[in-house]
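Dropping target_28.pdb in here (PDB, C-alpha atoms):
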ATOM      1  CA  MET T   1     -64.180 194.115  34.509
ATOM      2  CA  ALA T   2     -61.658 192.518  32.146
ATOM      3  CA  THR T   3     -63.302 189.139  32.700
ATOM      4  CA  VAL T   4     -66.721 190.565  31.898
ATOM      5  CA  LEU T   5     -65.430 192.174  28.689
ATOM      6  CA  ARG T   6     -63.876 188.904  27.575
ATOM      7  CA  LYS T   7     -67.167 187.099  28.121
ATOM      8  CA  VAL T   8     -69.075 189.763  26.175
ATOM      9  CA  ARG T   9     -66.646 189.584  23.263
ATOM     10  CA  SER T  10     -66.875 185.797  23.252
ATOM     11  CA  TRP T  11     -70.665 185.924  23.238
ATOM     12  CA  VAL T  12     -70.714 188.426  20.359
ATOM     13  CA  ALA T  13     -68.392 186.219  18.298
ATOM     14  CA  VAL T  14     -70.592 183.181  18.842
ATOM     15  CA  PHE T  15     -73.709 185.247  18.143
ATOM     16  CA  ASN T  16     -72.386 186.408  14.784
ATOM     17  CA  ARG T  17     -71.284 182.901  13.774
ATOM     18  CA  THR T  18     -74.645 181.374  14.535
ATOM     19  CA  ALA T  19     -76.913 184.214  13.413
ATOM     20  CA  ALA T  20     -77.470 182.602  10.027
ATOM     21  CA  ILE T  21     -78.884 179.527  11.730
ATOM     22  CA  ARG T  22     -81.089 181.220  14.296
ATOM     23  CA  ILE T  23     -82.616 183.896  12.099
ATOM     24  CA  ASP T  24     -86.136 183.531  10.691
ATOM     25  CA  CYS T  25     -86.002 184.064   6.902
ATOM     26  CA  SER T  26     -89.553 183.589   5.708
ATOM     27  CA  GLY T  27     -88.643 184.057   2.050
ATOM     28  CA  ILE T  28     -86.389 181.020   1.931
ATOM     29  CA  CYS T  29     -87.937 178.084   0.150
ATOM     30  CA  SER T  30     -87.170 175.604  -2.605
ATOM     31  CA  LYS T  31     -85.760 177.098  -5.804
ATOM     32  CA  PRO T  32     -86.045 178.211  -8.528
ATOM     33  CA  VAL T  33     -88.795 180.823  -8.780
ATOM     34  CA  THR T  34     -86.839 183.480 -10.642
ATOM     35  CA  THR T  35     -83.487 183.272 -12.362
ATOM     36  CA  VAL T  36     -81.163 185.072 -14.731
ATOM     37  CA  ASP T  37     -78.158 183.593 -16.518
ATOM     38  CA  CYS T  38     -75.026 185.625 -15.696
ATOM     39  CA  SER T  39     -72.472 183.177 -17.055
ATOM     40  CA  GLY T  40     -69.826 185.007 -19.036
ATOM     41  CA  ILE T  41     -68.437 188.532 -18.785
ATOM     42  CA  LEU T  42     -70.406 191.593 -17.725
ATOM     43  CA  THR T  43     -68.950 195.040 -17.176
ATOM     44  CA  PRO T  44     -69.928 197.659 -14.584
ATOM     45  CA  VAL T  45     -70.139 200.609 -16.936
ATOM     46  CA  ALA T  46     -68.656 204.013 -16.185
ATOM     47  CA  THR T  47     -70.991 207.007 -16.074
ATOM     48  CA  PRO T  48     -69.901 209.669 -18.608
ATOM     49  CA  PHE T  49     -69.741 213.252 -17.376
ATOM     50  CA  ARG T  50     -68.998 216.515 -19.139
ATOM     51  CA  LYS T  51     -66.533 219.044 -17.745
ATOM     52  CA  ASP T  52     -69.382 220.666 -15.797
ATOM     53  CA  GLU T  53     -70.173 217.212 -14.293
ATOM     54  CA  SER T  54     -73.512 216.874 -16.091
ATOM     55  CA  ILE T  55     -74.243 213.450 -17.594
ATOM     56  CA  ASP T  56     -73.333 213.043 -21.271
ATOM     57  CA  LEU T  57     -75.850 210.588 -22.691
ATOM     58  CA  GLU T  58     -74.616 210.995 -26.258
ATOM     59  CA  LYS T  59     -71.144 209.783 -25.317
ATOM     60  CA  TRP T  60     -72.680 206.945 -23.322
ATOM     61  CA  ALA T  61     -74.680 205.842 -26.362
ATOM     62  CA  GLU T  62     -71.462 205.830 -28.396
ATOM     63  CA  ASN T  63     -69.763 203.643 -25.792
ATOM     64  CA  PHE T  64     -72.648 201.183 -25.773
ATOM     65  CA  GLU T  65     -72.605 201.017 -29.562
ATOM     66  CA  LYS T  66     -69.004 199.791 -29.355
ATOM     67  CA  TRP T  67     -69.530 197.516 -26.335
ATOM     68  CA  ASN T  68     -72.548 195.906 -27.994
ATOM     69  CA  LYS T  69     -70.325 194.694 -30.842
ATOM     70  CA  THR T  70     -68.311 192.586 -28.394
ATOM     71  CA  ASN T  71     -69.245 189.292 -26.754
ATOM     72  CA  LEU T  72     -70.076 190.846 -23.387
ATOM     73  CA  LYS T  73     -72.937 189.009 -21.689
ATOM     74  CA  GLY T  74     -74.300 192.279 -20.389
ATOM     75  CA  TYR T  75     -73.838 195.323 -18.214
ATOM     76  CA  LEU T  76     -74.136 196.518 -14.651
ATOM     77  CA  VAL T  77     -75.354 200.102 -14.475
ATOM     78  CA  GLN T  78     -74.545 201.761 -11.146
ATOM     79  CA  GLY T  79     -71.835 199.433  -9.997
ATOM     80  CA  SER T  80     -68.864 200.974  -8.213
ATOM     81  CA  ASN T  81     -67.328 202.171 -11.494
ATOM     82  CA  GLY T  82     -70.530 204.057 -12.277
ATOM     83  CA  GLU T  83     -69.979 206.446  -9.326
ATOM     84  CA  PRO T  84     -73.452 205.794  -7.858
ATOM     85  CA  VAL T  85     -72.621 207.522  -4.573
ATOM     86  CA  SER T  86     -72.170 210.759  -6.540
ATOM     87  CA  LEU T  87     -75.554 210.488  -8.255
ATOM     88  CA  SER T  88     -79.022 211.391  -7.057
ATOM     89  CA  ALA T  89     -81.670 208.691  -6.821
ATOM     90  CA  GLU T  90     -83.414 210.230  -9.819
ATOM     91  CA  GLU T  91     -80.215 210.171 -11.880
ATOM     92  CA  ARG T  92     -79.605 206.537 -11.011
ATOM     93  CA  VAL T  93     -83.032 205.509 -12.278
ATOM     94  CA  GLU T  94     -82.846 207.683 -15.394
ATOM     95  CA  LEU T  95     -79.498 206.165 -16.327
ATOM     96  CA  VAL T  96     -81.004 202.678 -16.232
ATOM     97  CA  LYS T  97     -83.902 203.845 -18.420
ATOM     98  CA  HIS T  98     -81.483 205.224 -20.996
ATOM     99  CA  ALA T  99     -79.242 202.173 -20.783
ATOM    100  CA  ARG T 100     -82.227 199.967 -21.584
ATOM    101  CA  SER T 101     -82.687 201.852 -24.854
ATOM    102  CA  PHE T 102     -78.990 201.369 -25.713
ATOM    103  CA  ILE T 103     -78.767 197.651 -24.903
ATOM    104  CA  PRO T 104     -80.124 194.916 -27.204
ATOM    105  CA  ASN T 105     -82.435 192.313 -25.763
ATOM    106  CA  ASP T 106     -79.817 189.571 -26.013
ATOM    107  CA  LYS T 107     -77.602 191.320 -23.445
ATOM    108  CA  LEU T 108     -78.392 191.595 -19.738
ATOM    109  CA  LEU T 109     -79.022 194.850 -17.918
ATOM    110  CA  LEU T 110     -78.283 194.622 -14.207
ATOM    111  CA  ALA T 111     -79.054 197.683 -12.096
ATOM    112  CA  GLY T 112     -77.218 198.624  -8.952
ATOM    113  CA  ALA T 113     -80.025 199.291  -6.505
ATOM    114  CA  GLY T 114     -78.349 199.123  -3.103
ATOM    115  CA  CYS T 115     -79.057 201.894  -0.600
ATOM    116  CA  GLU T 116     -78.134 202.351   3.046
ATOM    117  CA  GLY T 117     -81.636 201.652   4.335
ATOM    118  CA  THR T 118     -83.755 198.572   3.675
ATOM    119  CA  LEU T 119     -86.899 200.530   2.781
ATOM    120  CA  ASN T 120     -85.010 202.783   0.395
ATOM    121  CA  THR T 121     -83.433 199.742  -1.222
ATOM    122  CA  ILE T 122     -86.876 198.204  -1.765
ATOM    123  CA  LYS T 123     -88.104 201.429  -3.373
ATOM    124  CA  MET T 124     -85.026 201.615  -5.571
ATOM    125  CA  CYS T 125     -85.550 198.020  -6.716
ATOM    126  CA  GLU T 126     -89.111 198.847  -7.720
ATOM    127  CA  SER T 127     -87.883 201.876  -9.661
ATOM    128  CA  MET T 128     -85.196 199.858 -11.422
ATOM    129  CA  ALA T 129     -87.780 197.271 -12.446
ATOM    130  CA  SER T 130     -89.938 200.014 -13.955
ATOM    131  CA  ALA T 131     -86.857 201.394 -15.706
ATOM    132  CA  GLY T 132     -86.332 198.119 -17.559
ATOM    133  CA  ALA T 133     -83.617 196.259 -15.647
ATOM    134  CA  ASP T 134     -83.413 192.470 -15.929
ATOM    135  CA  ALA T 135     -82.126 192.045 -12.362
ATOM    136  CA  VAL T 136     -80.773 194.134  -9.493
ATOM    137  CA  MET T 137     -77.439 193.978  -7.716
ATOM    138  CA  LEU T 138     -77.403 195.056  -4.074
ATOM    139  CA  VAL T 139     -74.222 196.296  -2.449
ATOM    140  CA  THR T 140     -74.059 195.940   1.315
ATOM    141  CA  PRO T 141     -75.097 198.854   3.519
ATOM    142  CA  SER T 142     -71.979 200.245   5.166
ATOM    143  CA  TYR T 143     -72.589 203.326   7.311
ATOM    144  CA  TYR T 144     -73.491 201.694  10.645
ATOM    145  CA  LYS T 145     -70.617 199.256  10.546
ATOM    146  CA  SER T 146     -70.815 198.075  14.149
ATOM    147  CA  GLY T 147     -74.359 196.832  13.561
ATOM    148  CA  LEU T 148     -73.785 195.218  10.185
ATOM    149  CA  ASN T 149     -73.186 191.574  11.064
ATOM    150  CA  ASP T 150     -74.565 188.350   9.608
ATOM    151  CA  ARG T 151     -77.864 188.799  11.413
ATOM    152  CA  SER T 152     -78.591 192.308  10.133
ATOM    153  CA  LEU T 153     -77.330 191.650   6.597
ATOM    154  CA  ILE T 154     -79.433 188.499   6.250
ATOM    155  CA  HIS T 155     -82.496 190.400   7.460
ATOM    156  CA  HIS T 156     -81.767 193.256   5.048
ATOM    157  CA  PHE T 157     -81.265 191.173   1.923
ATOM    158  CA  THR T 158     -84.136 188.836   2.776
ATOM    159  CA  ALA T 159     -86.577 191.713   3.301
ATOM    160  CA  VAL T 160     -85.614 193.197  -0.062
ATOM    161  CA  ALA T 161     -85.669 189.905  -1.959
ATOM    162  CA  ASP T 162     -89.079 188.982  -0.501
ATOM    163  CA  VAL T 163     -90.753 191.852  -2.366
ATOM    164  CA  CYS T 164     -88.364 192.723  -5.183
ATOM    165  CA  PRO T 165     -90.008 192.236  -8.604
ATOM    166  CA  LEU T 166     -86.653 191.277 -10.148
ATOM    167  CA  PRO T 167     -84.027 188.614  -9.433
ATOM    168  CA  VAL T 168     -81.533 189.783  -6.815
ATOM    169  CA  LEU T 169     -77.752 189.460  -6.808
ATOM    170  CA  LEU T 170     -75.690 190.319  -3.742
ATOM    171  CA  TYR T 171     -72.593 192.504  -3.981
ATOM    172  CA  ALA T 172     -69.651 192.530  -1.586
ATOM    173  CA  MET T 173     -67.104 195.313  -2.123
ATOM    174  CA  PRO T 174     -65.217 195.469   1.191
ATOM    175  CA  ALA T 175     -62.433 197.710  -0.174
ATOM    176  CA  TYR T 176     -64.980 200.528  -0.563
ATOM    177  CA  THR T 177     -67.604 199.675   2.052
ATOM    178  CA  GLY T 178     -65.563 198.067   4.819
ATOM    179  CA  ILE T 179     -68.287 195.398   4.997
ATOM    180  CA  ASP T 180     -68.062 191.839   3.706
ATOM    181  CA  ILE T 181     -70.710 189.131   3.419
ATOM    182  CA  SER T 182     -69.596 185.969   5.167
ATOM    183  CA  VAL T 183     -69.738 182.516   3.624
ATOM    184  CA  SER T 184     -72.173 181.513   6.347
ATOM    185  CA  ALA T 185     -74.541 184.367   5.483
ATOM    186  CA  VAL T 186     -74.340 183.561   1.777
ATOM    187  CA  LYS T 187     -75.139 179.915   2.501
ATOM    188  CA  THR T 188     -78.385 181.048   4.087
ATOM    189  CA  LEU T 189     -79.236 183.738   1.550
ATOM    190  CA  SER T 190     -78.522 181.509  -1.446
ATOM    191  CA  GLN T 191     -81.557 179.424  -0.484
ATOM    192  CA  HIS T 192     -83.918 182.354  -1.034
ATOM    193  CA  ARG T 193     -86.171 181.887  -4.035
ATOM    194  CA  ASN T 194     -85.326 185.358  -5.422
ATOM    195  CA  ILE T 195     -81.597 185.620  -4.645
ATOM    196  CA  VAL T 196     -79.835 184.169  -7.657
ATOM    197  CA  GLY T 197     -76.190 185.105  -7.282
ATOM    198  CA  MET T 198     -73.427 187.308  -5.920
ATOM    199  CA  LYS T 199     -70.574 189.464  -7.124
ATOM    200  CA  ASP T 200     -67.639 189.205  -4.742
ATOM    201  CA  SER T 201     -64.887 191.808  -5.149
ATOM    202  CA  GLY T 202     -62.879 190.858  -2.091
ATOM    203  CA  GLY T 203     -60.142 189.219  -4.137
ATOM    204  CA  ASP T 204     -59.941 186.058  -2.003
ATOM    205  CA  VAL T 205     -60.116 183.097  -4.384
ATOM    206  CA  THR T 206     -60.419 180.644  -1.498
ATOM    207  CA  LYS T 207     -63.547 182.470  -0.365
ATOM    208  CA  LEU T 208     -64.943 182.331  -3.899
ATOM    209  CA  ALA T 209     -64.414 178.568  -3.863
ATOM    210  CA  SER T 210     -66.194 178.331  -0.515
ATOM    211  CA  LEU T 211     -69.123 180.381  -1.809
ATOM    212  CA  VAL T 212     -69.472 178.104  -4.815
ATOM    213  CA  HIS T 213     -69.352 175.066  -2.539
ATOM    214  CA  VAL T 214     -71.938 176.151   0.049
ATOM    215  CA  ALA T 215     -74.409 177.333  -2.616
ATOM    216  CA  LYS T 216     -73.877 174.513  -5.106
ATOM    217  CA  ASP T 217     -77.379 173.081  -4.700
ATOM    218  CA  ASN T 218     -79.231 176.399  -4.785
ATOM    219  CA  ASN T 219     -79.042 177.554  -8.420
ATOM    220  CA  PHE T 220     -76.803 180.381  -7.197
ATOM    221  CA  GLN T 221     -74.162 182.023  -9.402
ATOM    222  CA  VAL T 222     -70.925 183.373  -7.942
ATOM    223  CA  LEU T 223     -69.262 186.085 -10.026
ATOM    224  CA  ALA T 224     -65.692 187.343  -9.773
ATOM    225  CA  GLY T 225     -65.481 191.068  -9.118
ATOM    226  CA  SER T 226     -62.182 191.762 -10.871
ATOM    227  CA  ALA T 227     -60.263 190.738 -13.971
ATOM    228  CA  GLY T 228     -57.105 190.333 -11.906
ATOM    229  CA  TYR T 229     -58.167 186.901 -10.651
ATOM    230  CA  LEU T 230     -60.807 186.032 -13.233
ATOM    231  CA  LEU T 231     -59.208 182.835 -14.519
ATOM    232  CA  ALA T 232     -58.603 181.477 -11.025
ATOM    233  CA  ALA T 233     -62.201 182.314 -10.104
ATOM    234  CA  LEU T 234     -63.510 180.403 -13.103
ATOM    235  CA  TYR T 235     -61.426 177.365 -12.217
ATOM    236  CA  VAL T 236     -62.871 177.235  -8.686
ATOM    237  CA  GLY T 237     -66.408 177.291 -10.066
ATOM    238  CA  CYS T 238     -67.471 180.904 -10.613
ATOM    239  CA  SER T 239     -69.990 181.415 -13.407
ATOM    240  CA  GLY T 240     -68.281 184.475 -14.824
ATOM    241  CA  GLY T 241     -67.156 187.940 -13.846
ATOM    242  CA  VAL T 242     -68.403 191.500 -13.484
ATOM    243  CA  CYS T 243     -65.152 193.272 -14.239
ATOM    244  CA  GLY T 244     -64.408 196.967 -14.477
ATOM    245  CA  LEU T 245     -61.660 196.308 -17.013
ATOM    246  CA  GLY T 246     -64.462 195.403 -19.404
ATOM    247  CA  ASN T 247     -65.069 199.119 -19.891
ATOM    248  CA  ILE T 248     -61.673 199.269 -21.608
ATOM    249  CA  LEU T 249     -60.832 195.776 -22.856
ATOM    250  CA  PRO T 250     -64.135 193.926 -23.204
ATOM    251  CA  GLN T 251     -63.067 191.637 -26.014
ATOM    252  CA  GLN T 252     -59.911 190.506 -24.210
ATOM    253  CA  LEU T 253     -61.962 189.532 -21.148
ATOM    254  CA  CYS T 254     -64.468 187.676 -23.314
ATOM    255  CA  GLN T 255     -61.571 185.913 -25.005
ATOM    256  CA  LEU T 256     -60.220 184.858 -21.622
ATOM    257  CA  TYR T 257     -63.605 183.413 -20.668
ATOM    258  CA  ASP T 258     -63.881 181.583 -24.006
ATOM    259  CA  LEU T 259     -60.388 180.116 -23.594
ATOM    260  CA  TYR T 260     -61.373 178.833 -20.150
ATOM    261  CA  VAL T 261     -64.466 177.196 -21.643
ATOM    262  CA  ASP T 262     -62.360 175.611 -24.381
ATOM    263  CA  ALA T 263     -59.820 174.382 -21.832
ATOM    264  CA  THR T 264     -62.506 172.653 -19.789
ATOM    265  CA  THR T 265     -64.707 171.298 -22.600
ATOM    266  CA  ALA T 266     -62.319 170.521 -25.474
ATOM    267  CA  SER T 267     -62.732 167.141 -27.153
ATOM    268  CA  SER T 268     -59.053 166.299 -26.831
ATOM    269  CA  SER T 269     -56.510 166.740 -24.087
ATOM    270  CA  GLN T 270     -54.157 168.484 -26.521
ATOM    271  CA  LYS T 271     -56.726 171.133 -27.426
ATOM    272  CA  ALA T 272     -57.594 171.594 -23.765
ATOM    273  CA  ALA T 273     -53.939 172.075 -22.857
ATOM    274  CA  GLU T 274     -53.419 174.604 -25.650
ATOM    275  CA  ALA T 275     -56.462 176.621 -24.581
ATOM    276  CA  ALA T 276     -55.389 176.507 -20.943
ATOM    277  CA  LYS T 277     -51.920 177.757 -21.881
ATOM    278  CA  GLU T 278     -53.338 180.655 -23.894
ATOM    279  CA  ALA T 279     -55.780 181.522 -21.110
ATOM    280  CA  LEU T 280     -52.995 181.706 -18.545
ATOM    281  CA  LYS T 281     -50.887 183.844 -20.877
ATOM    282  CA  LEU T 282     -53.754 186.298 -21.402
ATOM    283  CA  GLN T 283     -54.610 186.407 -17.700
ATOM    284  CA  ARG T 284     -51.025 187.323 -16.838
ATOM    285  CA  ARG T 285     -51.071 190.054 -19.501
ATOM    286  CA  LEU T 286     -54.161 191.655 -17.973
ATOM    287  CA  ILE T 287     -53.096 191.701 -14.320
ATOM    288  CA  GLU T 288     -51.014 194.885 -14.320
ATOM    289  CA  PRO T 289     -53.398 197.026 -16.421
ATOM    290  CA  ASN T 290     -56.308 195.822 -14.308
ATOM    291  CA  ALA T 291     -54.594 196.686 -11.029
ATOM    292  CA  ALA T 292     -53.771 200.170 -12.290
ATOM    293  CA  VAL T 293     -57.398 201.058 -13.044
ATOM    294  CA  THR T 294     -58.951 199.366 -10.017
ATOM    295  CA  ASN T 295     -57.267 199.227  -6.632
ATOM    296  CA  ILE T 296     -54.365 201.597  -7.482
ATOM    297  CA  MET T 297     -55.890 204.543  -9.393
ATOM    298  CA  GLY T 298     -59.570 203.691  -9.256
ATOM    299  CA  VAL T 299     -62.296 205.304 -11.346
ATOM    300  CA  PRO T 300     -60.156 208.265 -12.543
ATOM    301  CA  GLY T 301     -57.645 205.741 -13.901
ATOM    302  CA  MET T 302     -60.432 203.674 -15.435
ATOM    303  CA  LYS T 303     -61.848 206.674 -17.264
ATOM    304  CA  LEU T 304     -58.485 207.857 -18.556
ATOM    305  CA  ALA T 305     -57.740 204.364 -19.882
ATOM    306  CA  MET T 306     -61.105 204.382 -21.668
ATOM    307  CA  ASP T 307     -60.083 207.626 -23.360
ATOM    308  CA  CYS T 308     -56.766 206.045 -24.341
ATOM    309  CA  VAL T 309     -58.311 203.111 -26.223
ATOM    310  CA  GLY T 310     -61.144 204.920 -27.999
ATOM    311  CA  TYR T 311     -64.039 204.943 -25.549
ATOM    312  CA  TYR T 312     -65.302 208.037 -23.772
ATOM    313  CA  GLY T 313     -64.236 208.080 -20.137
ATOM    314  CA  GLY T 314     -64.286 211.766 -19.370
ATOM    315  CA  PRO T 315     -64.004 213.362 -15.944
ATOM    316  CA  THR T 316     -65.228 212.024 -12.629
ATOM    317  CA  ARG T 317     -67.561 213.831 -10.282
ATOM    318  CA  LYS T 318     -65.935 215.417  -7.279
ATOM    319  CA  PRO T 319     -64.691 214.640  -4.722
ATOM    320  CA  LEU T 320     -62.791 212.278  -7.058
ATOM    321  CA  MET T 321     -59.948 214.226  -8.646
ATOM    322  CA  PRO T 322     -58.101 213.876 -11.972
ATOM    323  CA  LEU T 323     -54.896 211.863 -11.924
ATOM    324  CA  LEU T 324     -51.558 213.564 -11.479
ATOM    325  CA  ASP T 325     -49.392 213.896 -14.598
ATOM    326  CA  VAL T 326     -47.120 211.028 -13.551
ATOM    327  CA  GLN T 327     -50.147 208.778 -12.965
ATOM    328  CA  GLN T 328     -51.631 209.687 -16.336
ATOM    329  CA  GLN T 329     -48.413 208.669 -18.059
ATOM    330  CA  ILE T 330     -48.446 205.310 -16.300
ATOM    331  CA  ILE T 331     -51.947 204.642 -17.611
ATOM    332  CA  ARG T 332     -51.038 205.692 -21.136
ATOM    333  CA  ASP T 333     -47.968 203.457 -21.129
ATOM    334  CA  LEU T 334     -49.870 200.443 -19.777
ATOM    335  CA  PHE T 335     -52.633 200.652 -22.387
ATOM    336  CA  GLU T 336     -50.471 201.634 -25.357
ATOM    337  CA  GLU T 337     -50.390 198.049 -26.629
ATOM    338  CA  PHE T 338     -54.190 197.848 -26.626
ATOM    339  CA  ARG T 339     -54.857 200.899 -28.805
TER     340      ARG T 339
END
Go ahead and render the structure in this file as structure tokens.
Amino acid sequence: MATVLRKVRSWVAVFNRTAAIRIDCSGICSKPVTTVDCSGILTPVATPFRKDESIDLEKWAENFEKWNKTNLKGYLVQGSNGEPVSLSAEERVELVKHARSFIPNDKLLLAGAGCEGTLNTIKMCESMASAGADAVMLVTPSYYKSGLNDRSLIHHFTAVADVCPLPVLLYAMPAYTGIDISVSAVKTLSQHRNIVGMKDSGGDVTKLASLVHVAKDNNFQVLAGSAGYLLAALYVGCSGGVCGLGNILPQQLCQLYDLYVDATTASSSQKAAEAAKEALKLQRRLIEPNAAVTNIMGVPGMKLAMDCVGYYGGPTRKPLMPLLDVQQQIIRDLFEEFR
């Protein structure tokens, strides 16, 4: 029996590694057909709730008015920081409609449209297109983990991209979903005429470099999923970042991106070195605040920090709970210098 089990496990491993090669992806063809330029900094905006957990659109409009004055490239509505799993499908679409009215035409509106099922994801993409989104971002399904391998994920994203009326970006958030998208799968998917990029929040810079490498000929943009490693991600070839810290410190993140651009395009080596030095200094300054409001204290920390610096964060929807008093003080102390 043990021998049989070893053979089965070996076969499964080989099957998963080669699924990207053996699968039939009818939508893959020469590119480009559709595209969207995501170079720069986008932020996955928080959803503002009142104390009764209803959505506060007035406060959201006030936040956008401030964000729009920064150099943000655009916004992701219904990313992880938007608490999409606590919203109904109708609320998700309505939020994108309202966001469209708050966002000027020179800034991108990406809509999180991922659902657990492929058919539901297709329907959500159609709704987000009608709501005014410029592109959709699709987080991986995650419930049936044992069946979510390269083969099933390639089928899922290909089926959606084949019929989606908007450009598609993939989204890997393994800390929340427990599911990652392999480099091999991305190599295949990046060839699809309607899949134009990916946000990777796994935090592995070597993987980001590999993604950039395997998709380099496919007009495919790789985006860092956190400000904590943004500068490193840019240096290995990422086009930009979709960073939750942008809810709180959008101008600092845009400054970091601009310093990177200056460091890599300056007319003199002295100017390049000065910009690189300033970029590294700013990146180091942002690491601790970013960690506090992402992997340590999550969305409740993010929203409290927004309140601290003059945006409206407000409460989360349950089951997410408010921070403990000691956690709140940590957030206040970390963001004191940015007020």
Would you list the contacts of region 206-214 of chain T as a ChimeraX atom specification, taking every protein, DNA or RNA residue within 9 Å and counting only C-alpha atoms, but skipping same-chain residues closer than 6 positions in sequence? /T:182-184,186-187,190,200,220-224,233,235-238
Determine, counting all atoms listed in the file, every residue of protein, DNA or RNA that lies within 12 Å of (-52.7, 196.4, -12.6) in the file coordinates, then give the result as number ranges by chain. T: 226-229, 244-245, 283-298, 301-302, 305, 330-331, 334-335
Can you list, as a list in words, the residues that the PyMOL selection byres ((chain T and resi 194-197) around 7) selects here?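 Those residues are Val33, Thr34, Thr35, Ala161, Pro167, Val168, Leu169, Leu170, Leu189, Ser190, His192, Arg193, Met198, Asn219, Phe220, Gln221 and Val222 of chain T.
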Please provide the set of residues having any atom within 8 Å of region 97-104 of chain T, restricted to only C-alpha atoms, with same-chain residues fewer than 3 positions apart removed, written as an NGL selection string. :T and (57 or 61 or 64-65 or 68 or 77 or 93-94 or 107-109 or 131-133)
Just say which residues the PyMOL selection byres ((chain T and resi 249) around 12) picks in this file, as a ChimeraX atom specification. /T:41-43,66-67,70-72,227,243-248,250-256,282,285-286,289-290,293,302,305-311,335,337-339
Mind listing whatever residues come within 10 Å of the point (-86.6, 191.3, 4.5)? Use all atoms listed in the file, file coordinates, and give them as a tab-separated table (two decimals) with C-alpha atoms, keeping the file's coordinate frame.
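Full text of out-v6.tsv as output:
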chain	number	residue	atom	x	y	z
T	24	ASP	CA	-86.14	183.53	10.69
T	25	CYS	CA	-86.00	184.06	6.90
T	26	SER	CA	-89.55	183.59	5.71
T	27	GLY	CA	-88.64	184.06	2.05
T	118	THR	CA	-83.76	198.57	3.68
T	119	LEU	CA	-86.90	200.53	2.78
T	122	ILE	CA	-86.88	198.20	-1.76
T	152	SER	CA	-78.59	192.31	10.13
T	153	LEU	CA	-77.33	191.65	6.60
T	154	ILE	CA	-79.43	188.50	6.25
T	155	HIS	CA	-82.50	190.40	7.46
T	156	HIS	CA	-81.77	193.26	5.05
T	157	PHE	CA	-81.26	191.17	1.92
T	158	THR	CA	-84.14	188.84	2.78
T	159	ALA	CA	-86.58	191.71	3.30
T	160	VAL	CA	-85.61	193.20	-0.06
T	161	ALA	CA	-85.67	189.90	-1.96
T	162	ASP	CA	-89.08	188.98	-0.50
T	163	VAL	CA	-90.75	191.85	-2.37
T	164	CYS	CA	-88.36	192.72	-5.18
Give the answer as one residue: which of T:Gly225, T:Gly40, T:Gly117, T:Pro48 has the shortest atom-to-atom distance to Gly314 (chain T), using all atoms listed in the file?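 Of T:Gly225, T:Gly40, T:Gly117, T:Pro48, the one nearest Gly314 (chain T) is T:Pro48, counting all atoms listed in the file.
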For the file shown, what are the residues hit by the PyMOL selection byres ((chain T and resi 111) around 7), laid out as a PyMOL selection string? chain T and resi 76-78+96+109-110+112-113+128+133+135-137
Emit as JSON the padded axis-aligned box for all listed atoms of region 303-307 of chain T, 6 Å per side, with centre and edge lengths in Å to one decimal.
{"center_x": -59.8, "center_y": 206.1, "center_z": -20.3, "size_x": 16.1, "size_y": 15.5, "size_z": 18.1}
Pick out the closest residue to Met124 (chain T) from this set: T:Arg92, T:Leu148, T:Thr140, T:Thr47. Count all atoms listed in the file.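 Among the listed residues, T:Arg92 lies closest to Met124 (chain T).
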Length of the CA of Tyr312 (chain T) to CA of Trp60 (chain T) vector [Å]: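 Taking CA of Tyr312 (chain T) and CA of Trp60 (chain T), their separation equals 7.5 Å.
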One-decimal distance in Å that lies between CA of Leu234 (chain T) and CA of Leu138 (chain T): 22.1 Å
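Here CA of Asp204 (chain T) and CA of Pro141 (chain T) stand 20.6 Å from one another.
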